[in-house]
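Data first, discussion second: the structure below is written as structure tokens.
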Amino acid sequence: MITQGMAELTDYGVTLAPGLLLFGLWFALTPRSMTALRIMILLAAFVLMRDVMTPLGMWALSREVQVAFSANAFVLAMLGGLSVVLIMLLSRLAPELWRLMRWTVGNPAVGILVGLAVGCLIGVPLRVYQGIEGSAIHGYWVWLPGMVVLAYGANALEEVLFRGFLQGYLEQQITPLRAALISGVAFAACHTFLALSVTQLGWPVLLFTLVEGLACALVRMRYGVLAAMLAHGTAILLIAVPLITRF
């Protein structure tokens with residue numbers, strides 16, 4: 001599993017490297033005072049990191065918005081762990097953006113419960129509709145721990161960018177509600193290339209990401225980024241299956 005996983009991760013890194021280096025150079029050359037542009041560069045780089053995984057067979061989508069990730073739990077855990085490392089790097093490399101973060105708003109315990117509940121409200125109906133039964137999927141329980149790391153690690157990075165940086169910046173310019181709405185719509189819009197070109201699955205992906213994006217943005221507005229991370233990660237975890245499952 002580890003040897004195969006390392007080969008898969010190496011292929012991903014080699015494929016991603018040229019584009020990511022250009023985005024890194026663009027980000028480094030952009031003055032820190034140009035906050036909005038630096039946020040957009042990071043968002044575009046994240047979209048590249050996510051969408052490159054599709055043609056490499058690291059994940060796949062179905063028209064029923066079922067998400068299948070690599071059956072290699074080591075790969076998933078590494079990707080989730082690397083996402084957390086990137087979050088820590090951003091805190092050092094972009095302190096001016098990090099100041100936009102609002103990890104918690106109000107009671108943190110309530111925020112955690114709300115985040116988990118919202119994630120279940122998004123994910124459970126889809127899991128029931130799709131008929132996902134872990135016991136019926138070969139290797140599901142061995143695969144699941146790696147998926148947990150990916151679901152919460154990778155989506156933590158996505159939430160830092162969309163709800164931490166973008167929404168935090170917008171709240172300095174406009175009302176919190178409007179900032180949340182823009183953050184949610186921007187989240188869905190950043191899935192357009194994935195939906196219409198990479199996978200050609202169209203409106204189901206965009207509708208799901210719009211609902212998910214708006215839900216996470218509203219959770220962030222009321223309870224902070226941590227709660228939004230939990231909502232996003234829980235929703236994805238509930239609808240995810242190993243890639244060996246056929247759509």
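So you can find residues: chains in the structure tokens are A, B, ... in the order shown, residues in each start at 1, and ligands are numbered from 1 in order.
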Hey, which bits of region 4-81 of chain A sit within 9 Å of region 199-202 of chain A, and for each residue what's the closest pair of atoms and how far apart in Å (one decimal), counting only C-alpha atoms, rows by chain and increasing number, as JSON lines?
{"residue": "A:Thr54", "atom": "CA", "partner": "A:Thr199", "partner_atom": "CA", "distance": 7.9}
{"residue": "A:Pro55", "atom": "CA", "partner": "A:Thr199", "partner_atom": "CA", "distance": 9.0}
{"residue": "A:Ala60", "atom": "CA", "partner": "A:Thr199", "partner_atom": "CA", "distance": 8.1}
{"residue": "A:Leu61", "atom": "CA", "partner": "A:Thr199", "partner_atom": "CA", "distance": 7.3}
{"residue": "A:Ser62", "atom": "CA", "partner": "A:Leu201", "partner_atom": "CA", "distance": 7.4}
{"residue": "A:Arg63", "atom": "CA", "partner": "A:Leu201", "partner_atom": "CA", "distance": 5.9}
Output all heavy atoms of each residue in that selection to a file, as a PDB file, in the first residue's frame.
ATOM      1  N   THR A  54      -8.119  14.753 -10.638  1.00  0.00           N
ATOM      2  CA  THR A  54      -9.149  14.027 -11.385  1.00  0.00           C
ATOM      3  C   THR A  54      -8.580  13.205 -12.537  1.00  0.00           C
ATOM      4  O   THR A  54      -8.807  11.989 -12.601  1.00  0.00           O
ATOM      5  CB  THR A  54     -10.228  14.995 -11.887  1.00  0.00           C
ATOM      6  OG1 THR A  54     -10.671  15.816 -10.800  1.00  0.00           O
ATOM      7  CG2 THR A  54     -11.408  14.239 -12.469  1.00  0.00           C
ATOM      8  N   PRO A  55      -7.830  13.817 -13.480  1.00  0.00           N
ATOM      9  CA  PRO A  55      -7.294  13.006 -14.574  1.00  0.00           C
ATOM     10  C   PRO A  55      -6.269  11.967 -14.123  1.00  0.00           C
ATOM     11  O   PRO A  55      -6.014  10.996 -14.839  1.00  0.00           O
ATOM     12  CB  PRO A  55      -6.658  14.038 -15.516  1.00  0.00           C
ATOM     13  CG  PRO A  55      -6.383  15.218 -14.667  1.00  0.00           C
ATOM     14  CD  PRO A  55      -7.493  15.243 -13.657  1.00  0.00           C
ATOM     15  N   ALA A  60     -12.987  10.753  -8.136  1.00  0.00           N
ATOM     16  CA  ALA A  60     -13.954  10.816  -9.223  1.00  0.00           C
ATOM     17  C   ALA A  60     -15.306  11.207  -8.652  1.00  0.00           C
ATOM     18  O   ALA A  60     -15.586  10.998  -7.469  1.00  0.00           O
ATOM     19  CB  ALA A  60     -14.053   9.470  -9.948  1.00  0.00           C
ATOM     20  N   LEU A  61     -16.139  11.794  -9.516  1.00  0.00           N
ATOM     21  CA  LEU A  61     -17.489  12.205  -9.131  1.00  0.00           C
ATOM     22  C   LEU A  61     -18.507  11.470  -9.972  1.00  0.00           C
ATOM     23  O   LEU A  61     -18.247  11.120 -11.124  1.00  0.00           O
ATOM     24  CB  LEU A  61     -17.666  13.715  -9.329  1.00  0.00           C
ATOM     25  CG  LEU A  61     -16.787  14.654  -8.498  1.00  0.00           C
ATOM     26  CD1 LEU A  61     -16.954  16.083  -8.980  1.00  0.00           C
ATOM     27  CD2 LEU A  61     -17.141  14.546  -7.033  1.00  0.00           C
ATOM     28  N   SER A  62     -19.687  11.273  -9.405  1.00  0.00           N
ATOM     29  CA  SER A  62     -20.798  10.723 -10.169  1.00  0.00           C
ATOM     30  C   SER A  62     -21.871  11.790 -10.302  1.00  0.00           C
ATOM     31  O   SER A  62     -21.851  12.811  -9.609  1.00  0.00           O
ATOM     32  CB  SER A  62     -21.384   9.492  -9.475  1.00  0.00           C
ATOM     33  OG  SER A  62     -22.163   9.880  -8.355  1.00  0.00           O
ATOM     34  N   ARG A  63     -22.852  11.561 -11.159  1.00  0.00           N
ATOM     35  CA  ARG A  63     -23.936  12.515 -11.352  1.00  0.00           C
ATOM     36  C   ARG A  63     -24.803  12.637 -10.105  1.00  0.00           C
ATOM     37  O   ARG A  63     -25.534  13.620  -9.938  1.00  0.00           O
ATOM     38  CB  ARG A  63     -24.799  12.109 -12.549  1.00  0.00           C
ATOM     39  CG  ARG A  63     -24.076  12.249 -13.885  1.00  0.00           C
ATOM     40  CD  ARG A  63     -25.014  12.118 -15.069  1.00  0.00           C
ATOM     41  NE  ARG A  63     -24.286  12.290 -16.315  1.00  0.00           N
ATOM     42  CZ  ARG A  63     -23.964  13.459 -16.848  1.00  0.00           C
ATOM     43  NH1 ARG A  63     -24.354  14.578 -16.248  1.00  0.00           N
ATOM     44  NH2 ARG A  63     -23.293  13.539 -17.975  1.00  0.00           N
TER      45      ARG A  63
END
- Query: as an MDAnalysis selection string, which residues of region 66-156 of chain A does DSSP assign to alpha helix (DSSP H)?
  - Reply: chainID A and resid 73:93 95:98 108:130 140:156
- Point out the residue among A:Phe23, A:Phe46, A:Trp143, A:Trp203 with the least atom-to-atom distance to Glu159 (chain A), counting only C-alpha atoms.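 Of A:Phe23, A:Phe46, A:Trp143, A:Trp203, the one nearest Glu159 (chain A), counting only C-alpha atoms, is A:Phe46.
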- With a distance cut-off of 9 Å and only C-alpha atoms, select the neighbouring residues of Leu181 (chain A), excluding the residue or stretch itself and same-chain residues fewer than 3 positions from it, and output the selection as an MDAnalysis selection string. chainID A and resid 176:178 184:186 213:214 217:218
Generate a file of the selected residues that holds C-alpha atoms, formatted as a PDB file, in the first residue's frame.
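Writing done, so here's out.pdb:
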ATOM      1  CA  PRO A 176     -21.235  39.889   7.147  1.00  0.00           C
ATOM      2  CA  LEU A 177     -24.289  38.402   5.415  1.00  0.00           C
ATOM      3  CA  ARG A 178     -23.292  39.695   2.000  1.00  0.00           C
ATOM      4  CA  GLY A 184     -20.642  30.658  -0.870  1.00  0.00           C
ATOM      5  CA  VAL A 185     -21.213  31.604  -4.498  1.00  0.00           C
ATOM      6  CA  ALA A 186     -17.469  31.958  -5.109  1.00  0.00           C
ATOM      7  CA  GLY A 213     -20.721  26.628   0.102  1.00  0.00           C
ATOM      8  CA  LEU A 214     -23.601  28.765   1.348  1.00  0.00           C
ATOM      9  CA  ALA A 217     -20.331  30.396   4.774  1.00  0.00           C
ATOM     10  CA  LEU A 218     -23.335  31.001   7.024  1.00  0.00           C
TER      11      LEU A 218
END
- Do a neighbour search on region 48-52 of chain A at 8 Å with only C-alpha atoms, toss out local chain neighbours closer than 3 positions, and write the hits as a ChimeraX atom specification. /A:12,15-16,19-20,44-45,55-56,194,198
- For Leu238 (chain A), list every protein, DNA or RNA residue within 8 Å, evaluated using only C-alpha atoms, and leave out those in the same chain fewer than 4 positions away; present the list as number ranges by chain. A: 120, 123-124, 127, 234
Near region 91-97 of chain A, 10 Å: region 166-189 of chain A residue rows, closest pairs, only C-alpha atoms, as a Markdown table:
| residue | atom | partner | partner_atom | distance |
| --- | --- | --- | --- | --- |
| A:Leu166 | CA | A:Leu97 | CA | 9.1 |
| A:Gly168 | CA | A:Leu97 | CA | 8.9 |
| A:Tyr169 | CA | A:Leu97 | CA | 8.3 |
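Closest approach to Val211 (chain A) among A:Leu144, A:Val114, A:Leu237, A:Leu121: A:Leu121, based on only C-alpha atoms.
If you look at CA of Ser70 (chain A) and CA of Ile122 (chain A), they are 22.3 Å away from each other.
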- Query: Hey, what's within 9 Å of Val105 (chain A) if we count only C-alpha atoms and toss same-chain stuff fewer than 4 positions away? As a list in words, please?
  - Reply: Gly111, Arg220, Met221, Arg222, Tyr223, Gly224 and Val225 of chain A
- Message: Counting only C-alpha atoms, which residue out of A:Leu196, A:Ala136, A:Leu89, A:Leu126 sits closest to Ala240 (chain A)?
- Response: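 Checking each of A:Leu196, A:Ala136, A:Leu89, A:Leu126 against Ala240 (chain A), counting only C-alpha atoms, the winner is A:Leu126.
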- Message: I'd like to know which of A:Ala109, A:Val128, A:Ile244, A:Val149 is closest to Glu64 (chain A), using only C-alpha atoms.
- Response: A:Val128
- Item | Backbone-only DSSP, strand (DSSP E or B) members of region 38-244 of chain A, as a PyMOL selection string | chain A and resi 59-61+67-69+240-242
- Task: Name the closest residue to Gln173 (chain A) among the candidates A:Val67, A:Leu22, A:Ala36, A:Ile236; distances are taken between atoms, counting only C-alpha atoms.
- Result: A:Ala36
- Item | Using only C-alpha atoms: which of A:Leu90, A:Ala189, A:Leu9, A:Met101 has the shortest distance to Arg38 (chain A) | A:Leu90
- Task: Quote the spacing between CA of Trp98 (chain A) and CA of Ala179 (chain A) in Å to one decimal place.
- Result: 17.3 Å
- Message: When you look at Pro242 (chain A) with a cut-off of 10 Å (counting only C-alpha atoms), what residues show up, excluding the ones that are within fewer than 4 positions of it in the same chain? I need them as an NGL selection string.
- Response: :A and (59-60 or 67-73 or 134 or 137-140 or 143-144 or 147 or 246)
- Have a look at CA of Met229 (chain A) and CA of Ser183 (chain A) and let me know their distance in Å, one decimal.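 If I compute the distance from CA of Met229 (chain A) to CA of Ser183 (chain A), I get 14.0 Å.
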